[in-house]
Structures are given as C-alpha cells and as structure tokens.
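Shown below: query07.cif, with mmCIF, N, CA and C atoms.
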```cif
data_query
#
loop_
_atom_site.label_atom_id
_atom_site.label_comp_id
_atom_site.auth_asym_id
_atom_site.auth_seq_id
_atom_site.Cartn_x
_atom_site.Cartn_y
_atom_site.Cartn_z
N MET A 1049 0.84 -1.17 0.00
CA MET A 1049 0.00 0.00 0.00
C MET A 1049 0.89 1.24 0.00
N SER A 1050 0.62 2.14 -0.85
CA SER A 1050 1.40 3.37 -0.96
C SER A 1050 0.93 4.39 0.06
N ASP A 1051 1.87 5.19 0.56
CA ASP A 1051 1.51 6.24 1.52
C ASP A 1051 0.52 7.23 0.93
N THR A 1052 0.57 7.43 -0.37
CA THR A 1052 -0.31 8.42 -1.01
C THR A 1052 -1.74 7.94 -1.10
N ASN A 1053 -2.00 6.65 -0.92
CA ASN A 1053 -3.36 6.11 -1.01
C ASN A 1053 -4.10 6.15 0.32
N ARG A 1054 -3.48 6.58 1.37
CA ARG A 1054 -4.11 6.58 2.68
C ARG A 1054 -4.84 7.89 2.92
N GLY A 1055 -6.05 7.77 3.45
CA GLY A 1055 -6.77 8.95 3.87
C GLY A 1055 -6.31 9.38 5.26
N GLY A 1056 -6.79 10.52 5.72
CA GLY A 1056 -6.37 11.06 7.01
C GLY A 1056 -6.68 10.15 8.18
N PHE A 1057 -7.90 9.60 8.21
CA PHE A 1057 -8.28 8.72 9.32
C PHE A 1057 -7.49 7.41 9.27
N ASN A 1058 -7.28 6.87 8.07
CA ASN A 1058 -6.48 5.65 7.94
C ASN A 1058 -5.06 5.88 8.43
N GLU A 1059 -4.50 7.02 8.10
CA GLU A 1059 -3.14 7.34 8.53
C GLU A 1059 -3.07 7.46 10.05
N LEU A 1060 -4.07 8.11 10.63
CA LEU A 1060 -4.12 8.27 12.08
C LEU A 1060 -4.24 6.92 12.79
N THR A 1061 -5.11 6.05 12.30
CA THR A 1061 -5.30 4.76 12.95
C THR A 1061 -4.09 3.85 12.74
N LEU A 1062 -3.43 3.94 11.59
CA LEU A 1062 -2.21 3.16 11.36
C LEU A 1062 -1.15 3.53 12.40
N ASN A 1063 -0.95 4.83 12.59
CA ASN A 1063 0.05 5.29 13.55
C ASN A 1063 -0.35 4.96 14.98
N ALA A 1064 -1.64 5.09 15.29
CA ALA A 1064 -2.12 4.76 16.64
C ALA A 1064 -1.92 3.27 16.93
N LEU A 1065 -2.24 2.43 15.96
CA LEU A 1065 -2.03 0.99 16.14
C LEU A 1065 -0.56 0.67 16.36
N ARG A 1066 0.32 1.31 15.60
CA ARG A 1066 1.76 1.08 15.75
C ARG A 1066 2.21 1.43 17.16
N VAL A 1067 1.81 2.58 17.65
CA VAL A 1067 2.25 3.04 18.98
C VAL A 1067 1.67 2.16 20.08
N VAL A 1068 0.39 1.88 20.01
CA VAL A 1068 -0.26 1.08 21.06
C VAL A 1068 0.27 -0.36 21.05
N ALA A 1069 0.37 -0.97 19.88
CA ALA A 1069 0.89 -2.35 19.81
C ALA A 1069 2.34 -2.40 20.30
N GLY A 1070 3.14 -1.41 19.92
CA GLY A 1070 4.52 -1.36 20.39
C GLY A 1070 4.61 -1.21 21.90
N PHE A 1071 3.74 -0.37 22.47
CA PHE A 1071 3.72 -0.16 23.92
C PHE A 1071 3.30 -1.43 24.66
N LEU A 1072 2.27 -2.09 24.16
CA LEU A 1072 1.83 -3.33 24.79
C LEU A 1072 2.88 -4.42 24.68
N PHE A 1073 3.56 -4.50 23.53
CA PHE A 1073 4.59 -5.50 23.31
C PHE A 1073 5.80 -5.23 24.21
N LEU A 1074 6.17 -3.98 24.35
CA LEU A 1074 7.30 -3.58 25.20
C LEU A 1074 7.10 -4.06 26.64
N GLN A 1075 5.87 -4.10 27.10
CA GLN A 1075 5.59 -4.52 28.47
C GLN A 1075 5.98 -5.97 28.73
N HIS A 1076 5.88 -6.81 27.71
CA HIS A 1076 6.31 -8.20 27.87
C HIS A 1076 7.82 -8.25 28.09
N GLY A 1077 8.56 -7.38 27.40
CA GLY A 1077 10.00 -7.28 27.61
C GLY A 1077 10.35 -6.78 29.00
N VAL A 1078 9.57 -5.81 29.50
CA VAL A 1078 9.79 -5.30 30.86
C VAL A 1078 9.62 -6.42 31.88
N GLN A 1079 8.61 -7.26 31.68
CA GLN A 1079 8.40 -8.38 32.59
C GLN A 1079 9.60 -9.32 32.61
N LYS A 1080 10.10 -9.65 31.42
CA LYS A 1080 11.19 -10.62 31.33
C LYS A 1080 12.54 -10.04 31.77
N LEU A 1081 12.84 -8.83 31.32
CA LEU A 1081 14.17 -8.27 31.58
C LEU A 1081 14.33 -7.68 32.97
N PHE A 1082 13.26 -7.05 33.48
CA PHE A 1082 13.38 -6.32 34.74
C PHE A 1082 12.52 -6.87 35.86
N GLY A 1083 11.68 -7.86 35.55
CA GLY A 1083 10.81 -8.42 36.57
C GLY A 1083 9.69 -7.49 36.97
N GLY A 1084 9.45 -6.47 36.18
CA GLY A 1084 8.40 -5.51 36.49
C GLY A 1084 7.05 -5.95 35.96
N LEU A 1085 6.03 -5.21 36.34
CA LEU A 1085 4.66 -5.42 35.86
C LEU A 1085 4.17 -6.85 36.13
N GLY A 1086 4.55 -7.38 37.27
CA GLY A 1086 4.09 -8.71 37.67
C GLY A 1086 4.84 -9.87 37.05
N GLY A 1087 5.95 -9.59 36.40
CA GLY A 1087 6.71 -10.66 35.77
C GLY A 1087 7.88 -11.12 36.63
N GLU A 1088 8.55 -12.14 36.16
CA GLU A 1088 9.74 -12.63 36.82
C GLU A 1088 10.94 -12.36 35.93
N GLN A 1089 11.96 -11.75 36.52
CA GLN A 1089 13.17 -11.42 35.77
C GLN A 1089 13.92 -12.68 35.36
N VAL A 1090 14.40 -12.69 34.12
CA VAL A 1090 15.18 -13.84 33.65
C VAL A 1090 16.52 -13.87 34.37
N GLU A 1091 17.06 -15.06 34.52
CA GLU A 1091 18.36 -15.19 35.17
C GLU A 1091 19.49 -14.77 34.26
N SER A 1092 19.31 -14.98 32.95
CA SER A 1092 20.38 -14.66 32.00
C SER A 1092 19.77 -14.11 30.72
N PHE A 1093 20.37 -13.05 30.22
CA PHE A 1093 19.94 -12.50 28.93
C PHE A 1093 20.33 -13.45 27.81
N VAL A 1094 21.32 -14.31 28.08
CA VAL A 1094 21.78 -15.26 27.07
C VAL A 1094 21.01 -16.57 27.25
N SER A 1095 19.70 -16.46 27.11
CA SER A 1095 18.80 -17.61 27.15
C SER A 1095 17.67 -17.31 26.17
N LEU A 1096 16.87 -18.30 25.89
CA LEU A 1096 15.77 -18.09 24.95
C LEU A 1096 14.81 -17.02 25.47
N ILE A 1097 14.48 -17.10 26.74
CA ILE A 1097 13.55 -16.11 27.34
C ILE A 1097 14.23 -14.74 27.42
N GLY A 1098 15.50 -14.70 27.77
CA GLY A 1098 16.23 -13.44 27.83
C GLY A 1098 16.32 -12.76 26.47
N PHE A 1099 16.61 -13.55 25.43
CA PHE A 1099 16.66 -13.01 24.07
C PHE A 1099 15.29 -12.50 23.65
N ALA A 1100 14.24 -13.24 24.00
CA ALA A 1100 12.87 -12.79 23.70
C ALA A 1100 12.58 -11.46 24.40
N GLY A 1101 13.03 -11.33 25.65
CA GLY A 1101 12.82 -10.08 26.38
C GLY A 1101 13.52 -8.90 25.72
N VAL A 1102 14.73 -9.12 25.25
CA VAL A 1102 15.48 -8.06 24.55
C VAL A 1102 14.74 -7.66 23.28
N LEU A 1103 14.27 -8.65 22.52
CA LEU A 1103 13.53 -8.35 21.29
C LEU A 1103 12.23 -7.61 21.60
N GLU A 1104 11.54 -8.04 22.64
CA GLU A 1104 10.26 -7.41 22.98
C GLU A 1104 10.45 -5.99 23.49
N PHE A 1105 11.42 -5.79 24.36
CA PHE A 1105 11.65 -4.45 24.89
C PHE A 1105 12.23 -3.51 23.83
N GLY A 1106 13.33 -3.92 23.22
CA GLY A 1106 13.96 -3.08 22.20
C GLY A 1106 13.10 -2.91 20.97
N GLY A 1107 12.49 -4.02 20.52
CA GLY A 1107 11.61 -3.95 19.36
C GLY A 1107 10.39 -3.08 19.63
N GLY A 1108 9.84 -3.20 20.83
CA GLY A 1108 8.69 -2.35 21.19
C GLY A 1108 9.04 -0.87 21.15
N LEU A 1109 10.22 -0.53 21.67
CA LEU A 1109 10.65 0.88 21.62
C LEU A 1109 10.81 1.37 20.19
N LEU A 1110 11.44 0.56 19.34
CA LEU A 1110 11.64 0.95 17.94
C LEU A 1110 10.32 1.06 17.20
N ILE A 1111 9.40 0.15 17.46
CA ILE A 1111 8.09 0.21 16.83
C ILE A 1111 7.33 1.46 17.27
N ILE A 1112 7.36 1.77 18.55
CA ILE A 1112 6.70 2.99 19.05
C ILE A 1112 7.24 4.22 18.34
N ALA A 1113 8.56 4.31 18.23
CA ALA A 1113 9.19 5.47 17.58
C ALA A 1113 9.00 5.44 16.07
N GLY A 1114 8.72 4.27 15.52
CA GLY A 1114 8.63 4.15 14.08
C GLY A 1114 10.00 4.23 13.42
N LEU A 1115 10.99 3.64 14.05
CA LEU A 1115 12.36 3.66 13.55
C LEU A 1115 12.75 2.24 13.13
N LEU A 1116 13.21 2.09 11.90
CA LEU A 1116 13.56 0.78 11.32
C LEU A 1116 12.36 -0.16 11.40
N THR A 1117 11.19 0.38 11.17
CA THR A 1117 9.95 -0.34 11.42
C THR A 1117 9.82 -1.62 10.62
N ARG A 1118 10.09 -1.57 9.33
CA ARG A 1118 9.89 -2.77 8.51
C ARG A 1118 10.81 -3.92 8.92
N PRO A 1119 12.13 -3.70 9.04
CA PRO A 1119 12.96 -4.84 9.45
C PRO A 1119 12.67 -5.32 10.87
N VAL A 1120 12.38 -4.40 11.77
CA VAL A 1120 12.06 -4.80 13.15
C VAL A 1120 10.75 -5.58 13.17
N ALA A 1121 9.75 -5.11 12.44
CA ALA A 1121 8.47 -5.80 12.40
C ALA A 1121 8.63 -7.21 11.82
N PHE A 1122 9.47 -7.37 10.81
CA PHE A 1122 9.71 -8.69 10.23
C PHE A 1122 10.35 -9.62 11.27
N LEU A 1123 11.33 -9.11 11.98
CA LEU A 1123 12.01 -9.89 13.02
C LEU A 1123 11.03 -10.27 14.13
N LEU A 1124 10.21 -9.32 14.57
CA LEU A 1124 9.26 -9.60 15.66
C LEU A 1124 8.16 -10.55 15.22
N ALA A 1125 7.74 -10.48 13.95
CA ALA A 1125 6.74 -11.43 13.45
C ALA A 1125 7.30 -12.85 13.51
N GLY A 1126 8.55 -12.99 13.14
CA GLY A 1126 9.20 -14.30 13.23
C GLY A 1126 9.32 -14.78 14.66
N GLN A 1127 9.69 -13.86 15.55
CA GLN A 1127 9.81 -14.22 16.96
C GLN A 1127 8.47 -14.73 17.50
N MET A 1128 7.40 -14.04 17.16
CA MET A 1128 6.09 -14.44 17.66
C MET A 1128 5.61 -15.75 17.03
N ALA A 1129 5.97 -16.00 15.79
CA ALA A 1129 5.62 -17.28 15.16
C ALA A 1129 6.34 -18.42 15.87
N VAL A 1130 7.62 -18.21 16.17
CA VAL A 1130 8.39 -19.23 16.89
C VAL A 1130 7.84 -19.39 18.31
N ALA A 1131 7.50 -18.29 18.96
CA ALA A 1131 6.92 -18.36 20.31
C ALA A 1131 5.62 -19.14 20.30
N TYR A 1132 4.82 -18.95 19.26
CA TYR A 1132 3.56 -19.69 19.16
C TYR A 1132 3.83 -21.20 19.08
N VAL A 1133 4.75 -21.57 18.21
CA VAL A 1133 5.02 -23.00 18.03
C VAL A 1133 5.67 -23.61 19.27
N ILE A 1134 6.72 -22.95 19.79
CA ILE A 1134 7.46 -23.51 20.93
C ILE A 1134 6.67 -23.43 22.23
N GLY A 1135 6.03 -22.30 22.47
CA GLY A 1135 5.41 -22.08 23.76
C GLY A 1135 3.95 -22.46 23.87
N HIS A 1136 3.28 -22.62 22.73
CA HIS A 1136 1.84 -22.86 22.80
C HIS A 1136 1.41 -24.10 22.03
N ALA A 1137 1.71 -24.14 20.75
CA ALA A 1137 1.21 -25.24 19.92
C ALA A 1137 1.89 -26.56 20.25
N GLU A 1138 3.20 -26.55 20.34
CA GLU A 1138 3.94 -27.80 20.55
C GLU A 1138 3.64 -28.44 21.91
N PRO A 1139 3.73 -27.71 23.02
CA PRO A 1139 3.49 -28.40 24.30
C PRO A 1139 2.02 -28.71 24.59
N ARG A 1140 1.13 -27.93 23.99
CA ARG A 1140 -0.29 -28.12 24.31
C ARG A 1140 -1.08 -28.78 23.17
N GLY A 1141 -0.47 -28.91 22.02
CA GLY A 1141 -1.12 -29.59 20.91
C GLY A 1141 -1.37 -28.68 19.72
N PHE A 1142 -0.83 -29.07 18.57
CA PHE A 1142 -1.03 -28.30 17.33
C PHE A 1142 -2.49 -28.30 16.89
N TRP A 1143 -3.20 -29.33 17.24
CA TRP A 1143 -4.58 -29.49 16.77
C TRP A 1143 -5.55 -28.55 17.48
N LEU A 1144 -5.12 -27.95 18.57
CA LEU A 1144 -6.00 -27.07 19.34
C LEU A 1144 -6.16 -25.71 18.66
N TRP A 1145 -7.28 -25.08 18.87
CA TRP A 1145 -7.47 -23.70 18.45
C TRP A 1145 -6.53 -22.83 19.29
N PRO A 1146 -6.07 -21.69 18.75
CA PRO A 1146 -5.15 -20.83 19.53
C PRO A 1146 -5.70 -20.42 20.90
N ILE A 1147 -6.97 -20.22 21.01
CA ILE A 1147 -7.54 -19.85 22.31
C ILE A 1147 -7.39 -21.00 23.31
N MET A 1148 -7.39 -22.23 22.81
CA MET A 1148 -7.29 -23.39 23.70
C MET A 1148 -5.86 -23.67 24.13
N ASN A 1149 -4.86 -23.29 23.31
CA ASN A 1149 -3.48 -23.50 23.72
C ASN A 1149 -2.84 -22.20 24.22
N ARG A 1150 -3.67 -21.18 24.44
CA ARG A 1150 -3.26 -19.88 24.96
C ARG A 1150 -2.26 -19.16 24.06
N GLY A 1151 -2.34 -19.42 22.77
CA GLY A 1151 -1.40 -18.80 21.84
C GLY A 1151 -1.99 -17.68 21.02
N GLU A 1152 -3.22 -17.26 21.35
CA GLU A 1152 -3.87 -16.24 20.52
C GLU A 1152 -3.12 -14.92 20.51
N LEU A 1153 -2.50 -14.53 21.62
CA LEU A 1153 -1.76 -13.27 21.66
C LEU A 1153 -0.50 -13.34 20.79
N ALA A 1154 0.21 -14.45 20.85
CA ALA A 1154 1.39 -14.62 20.00
C ALA A 1154 1.00 -14.60 18.53
N ALA A 1155 -0.10 -15.27 18.18
CA ALA A 1155 -0.56 -15.28 16.79
C ALA A 1155 -0.98 -13.88 16.34
N LEU A 1156 -1.69 -13.17 17.19
CA LEU A 1156 -2.13 -11.81 16.84
C LEU A 1156 -0.94 -10.87 16.67
N TYR A 1157 0.03 -10.93 17.58
CA TYR A 1157 1.23 -10.10 17.43
C TYR A 1157 1.97 -10.45 16.16
N SER A 1158 2.08 -11.72 15.83
CA SER A 1158 2.80 -12.12 14.63
C SER A 1158 2.18 -11.48 13.39
N PHE A 1159 0.87 -11.52 13.29
CA PHE A 1159 0.21 -10.93 12.13
C PHE A 1159 0.18 -9.40 12.19
N THR A 1160 0.17 -8.83 13.39
CA THR A 1160 0.26 -7.37 13.51
C THR A 1160 1.60 -6.89 12.99
N TRP A 1161 2.68 -7.58 13.36
CA TRP A 1161 4.00 -7.17 12.89
C TRP A 1161 4.14 -7.39 11.39
N LEU A 1162 3.53 -8.45 10.86
CA LEU A 1162 3.54 -8.64 9.40
C LEU A 1162 2.82 -7.50 8.70
N PHE A 1163 1.76 -7.00 9.30
CA PHE A 1163 1.04 -5.85 8.75
C PHE A 1163 1.96 -4.64 8.64
N PHE A 1164 2.74 -4.37 9.69
CA PHE A 1164 3.64 -3.22 9.65
C PHE A 1164 4.83 -3.47 8.73
N PHE A 1165 5.25 -4.71 8.58
CA PHE A 1165 6.29 -5.03 7.62
C PHE A 1165 5.80 -4.69 6.21
N ALA A 1166 4.56 -5.02 5.91
CA ALA A 1166 4.00 -4.79 4.57
C ALA A 1166 3.63 -3.33 4.32
N ASN A 1167 3.15 -2.62 5.34
CA ASN A 1167 2.60 -1.29 5.16
C ASN A 1167 3.47 -0.15 5.64
N GLY A 1168 4.48 -0.44 6.41
CA GLY A 1168 5.32 0.62 6.95
C GLY A 1168 4.72 1.25 8.19
N PRO A 1169 5.41 2.24 8.74
CA PRO A 1169 5.03 2.79 10.03
C PRO A 1169 3.99 3.90 9.99
N GLY A 1170 3.76 4.49 8.83
CA GLY A 1170 2.89 5.66 8.76
C GLY A 1170 3.72 6.93 8.75
N LYS A 1171 3.04 8.05 8.50
CA LYS A 1171 3.79 9.30 8.32
C LYS A 1171 4.18 9.98 9.62
N PHE A 1172 3.63 9.55 10.74
CA PHE A 1172 4.01 10.13 12.03
C PHE A 1172 5.02 9.21 12.71
N SER A 1173 6.18 9.07 12.09
CA SER A 1173 7.20 8.15 12.58
C SER A 1173 8.57 8.71 12.25
N LEU A 1174 9.58 8.18 12.93
CA LEU A 1174 10.94 8.61 12.62
C LEU A 1174 11.36 8.16 11.23
N ASP A 1175 10.89 6.99 10.80
CA ASP A 1175 11.20 6.53 9.44
C ASP A 1175 10.69 7.53 8.40
N ALA A 1176 9.46 8.02 8.57
CA ALA A 1176 8.89 8.98 7.63
C ALA A 1176 9.63 10.31 7.69
N MET A 1177 10.03 10.72 8.89
CA MET A 1177 10.77 11.97 9.03
C MET A 1177 12.13 11.87 8.32
N ILE A 1178 12.81 10.75 8.50
CA ILE A 1178 14.11 10.54 7.84
C ILE A 1178 13.93 10.48 6.33
N ARG A 1179 12.90 9.77 5.88
CA ARG A 1179 12.63 9.68 4.44
C ARG A 1179 12.31 11.05 3.86
N GLY A 1180 11.59 11.88 4.61
CA GLY A 1180 11.26 13.24 4.15
C GLY A 1180 12.49 14.12 4.05
N ARG A 1181 13.40 13.99 4.99
CA ARG A 1181 14.64 14.78 4.95
C ARG A 1181 15.52 14.36 3.78
N LYS A 1182 15.59 13.05 3.52
CA LYS A 1182 16.38 12.56 2.40
C LYS A 1182 15.82 13.06 1.08
N ALA A 1183 14.47 13.06 0.98
CA ALA A 1183 13.83 13.51 -0.26
C ALA A 1183 14.05 15.00 -0.49
N SER A 1184 13.98 15.80 0.58
CA SER A 1184 14.17 17.24 0.43
C SER A 1184 15.63 17.60 0.18
N ALA A 1185 16.55 16.76 0.63
CA ALA A 1185 17.98 17.00 0.40
C ALA A 1185 18.36 16.73 -1.06
N GLN A 1186 17.59 15.87 -1.71
CA GLN A 1186 17.88 15.56 -3.12
C GLN A 1186 17.20 16.56 -3.95
#
```
Any chance you could put this one into structure tokens?
Amino acid sequence: MSDTNRGGFNELTLNALRVVAGFLFLQHGVQKLFGGLGGEQVESFVSLIGFAGVLEFGGGLLIIAGLLTRPVAFLLAGQMAVAYVIGHAEPRGFWLWPIMNRGELAALYSFTWLFFFANGPGKFSLDAMIRGRKASAQ
C-alpha cells in the first residue's frame, strides 16, 4: 500500500495501532528483563527467554518510535511465530485452536508485525521523518 493512497483517518489509525501495539509489546520485555509489571526477571539474557525479552523491549521501543519499522516488524513477526510454536502449539497440541493452547496473543502479534512489515510505520514516525529529509535534500 502506498503512503499516497491513505486517507487522514487511515493514517491516524495506522500510527495509533503502531504506537499502542509497540507499547503493549514492550511490556512483555519489561516483565522478562526487569521483573516488572508482575513478571519474573530472567536469570540470564543469554537464554531463549532473555533473548525474547530483549527483542520485545527493544523492538517495542523501535516500533513505538517508528524507527527501522519494517525490518524490526519482520524480526518480531518471526519471533512471535516461533513463540507460538514452541510455547503454545507444541506443548499443548497443534490441533487445538489458539484460544485453547493460549497462543492467541502470539498469533495476533505475529500478524500485527507482518502488517507493519507490509505497510510501513505511517507518516508520524521517525522513518517517515528521515525519508522526508532525504527527499528534500535531493
């Protein structure tokens, strides 16, 4: 989808979704890395859960800011797909509906990040600001 095809309300909701989804995702990283928000801090950042926390916290911040949105969104979509398989589908059963194996949030995040990979961050983002400066410099 081209930026020029978006109406004002679509642009506003795209940016609002990016910021809210990034903020909610960042909270999972806070739980893992710092033990905040009712979570338990990981013992080592060099573990699967520790690496997930780094991706969730750092990726959430970058998504909120709209910086490197497409590559970060692609990485986070992959992380959530792996989290779904390892943490939900495999131990509880692939045949179950996501709500039954408690993987609906991982599945939703995976497709949300794929959406931002395909559509970009919107015009109220650091990516758009950088792109605008590059265009005006040429």
Coordinates-based distance that separates CA of Trp1161 in chain A from CA of Trp1143 in chain A (Å, one decimal)
24.2 Å
One decimal, Å: what's the distance from CA of Ala1155 in chain A over to atom N of Lys1171 in chain A, could you say?
25.0 Å
With the PyMOL selection byres ((chain A and resi 1075) around 8) as the selection, what would be picked from this file? Answer as a ChimeraX atom specification, please.
/A:1069-1074,1076-1081,1084-1085,1104-1105,1108-1109
Written as a PyMOL selection string, what is the full residue list that the PyMOL selection byres (((chain A and resi 1115-1120 and name CA) around 12) and name CA) yields on the file shown?
chain A and resi 1063+1066-1067+1070+1103-1114+1121-1127+1158+1160-1179
Take CA of Ala1100 in chain A and CA of Gly1141 in chain A and report the distance between them in Å, one decimal.
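Distance between the two atoms: 22.0 Å.
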Neighbours of Arg1140 in chain A within 8 Å (all atoms listed in the file; same-chain residues fewer than 6 positions away dropped), as a VMD selection string?
chain A and resid 1133 to 1134 1148 to 1150
Which of chain A fall in helix (DSSP H, G or I), as a PyMOL selection string
chain A and resi 1051-1053+1056-1082+1096-1113+1117-1140+1152-1167+1174-1185
At a cut-off of 12 Å, using only C-alpha atoms, what residues contact Ala1137 in chain A? Leave out same-chain residues fewer than 5 positions from it and give the result as a VMD selection string.
chain A and resid 1129 to 1132 1142 to 1152 1154 to 1155
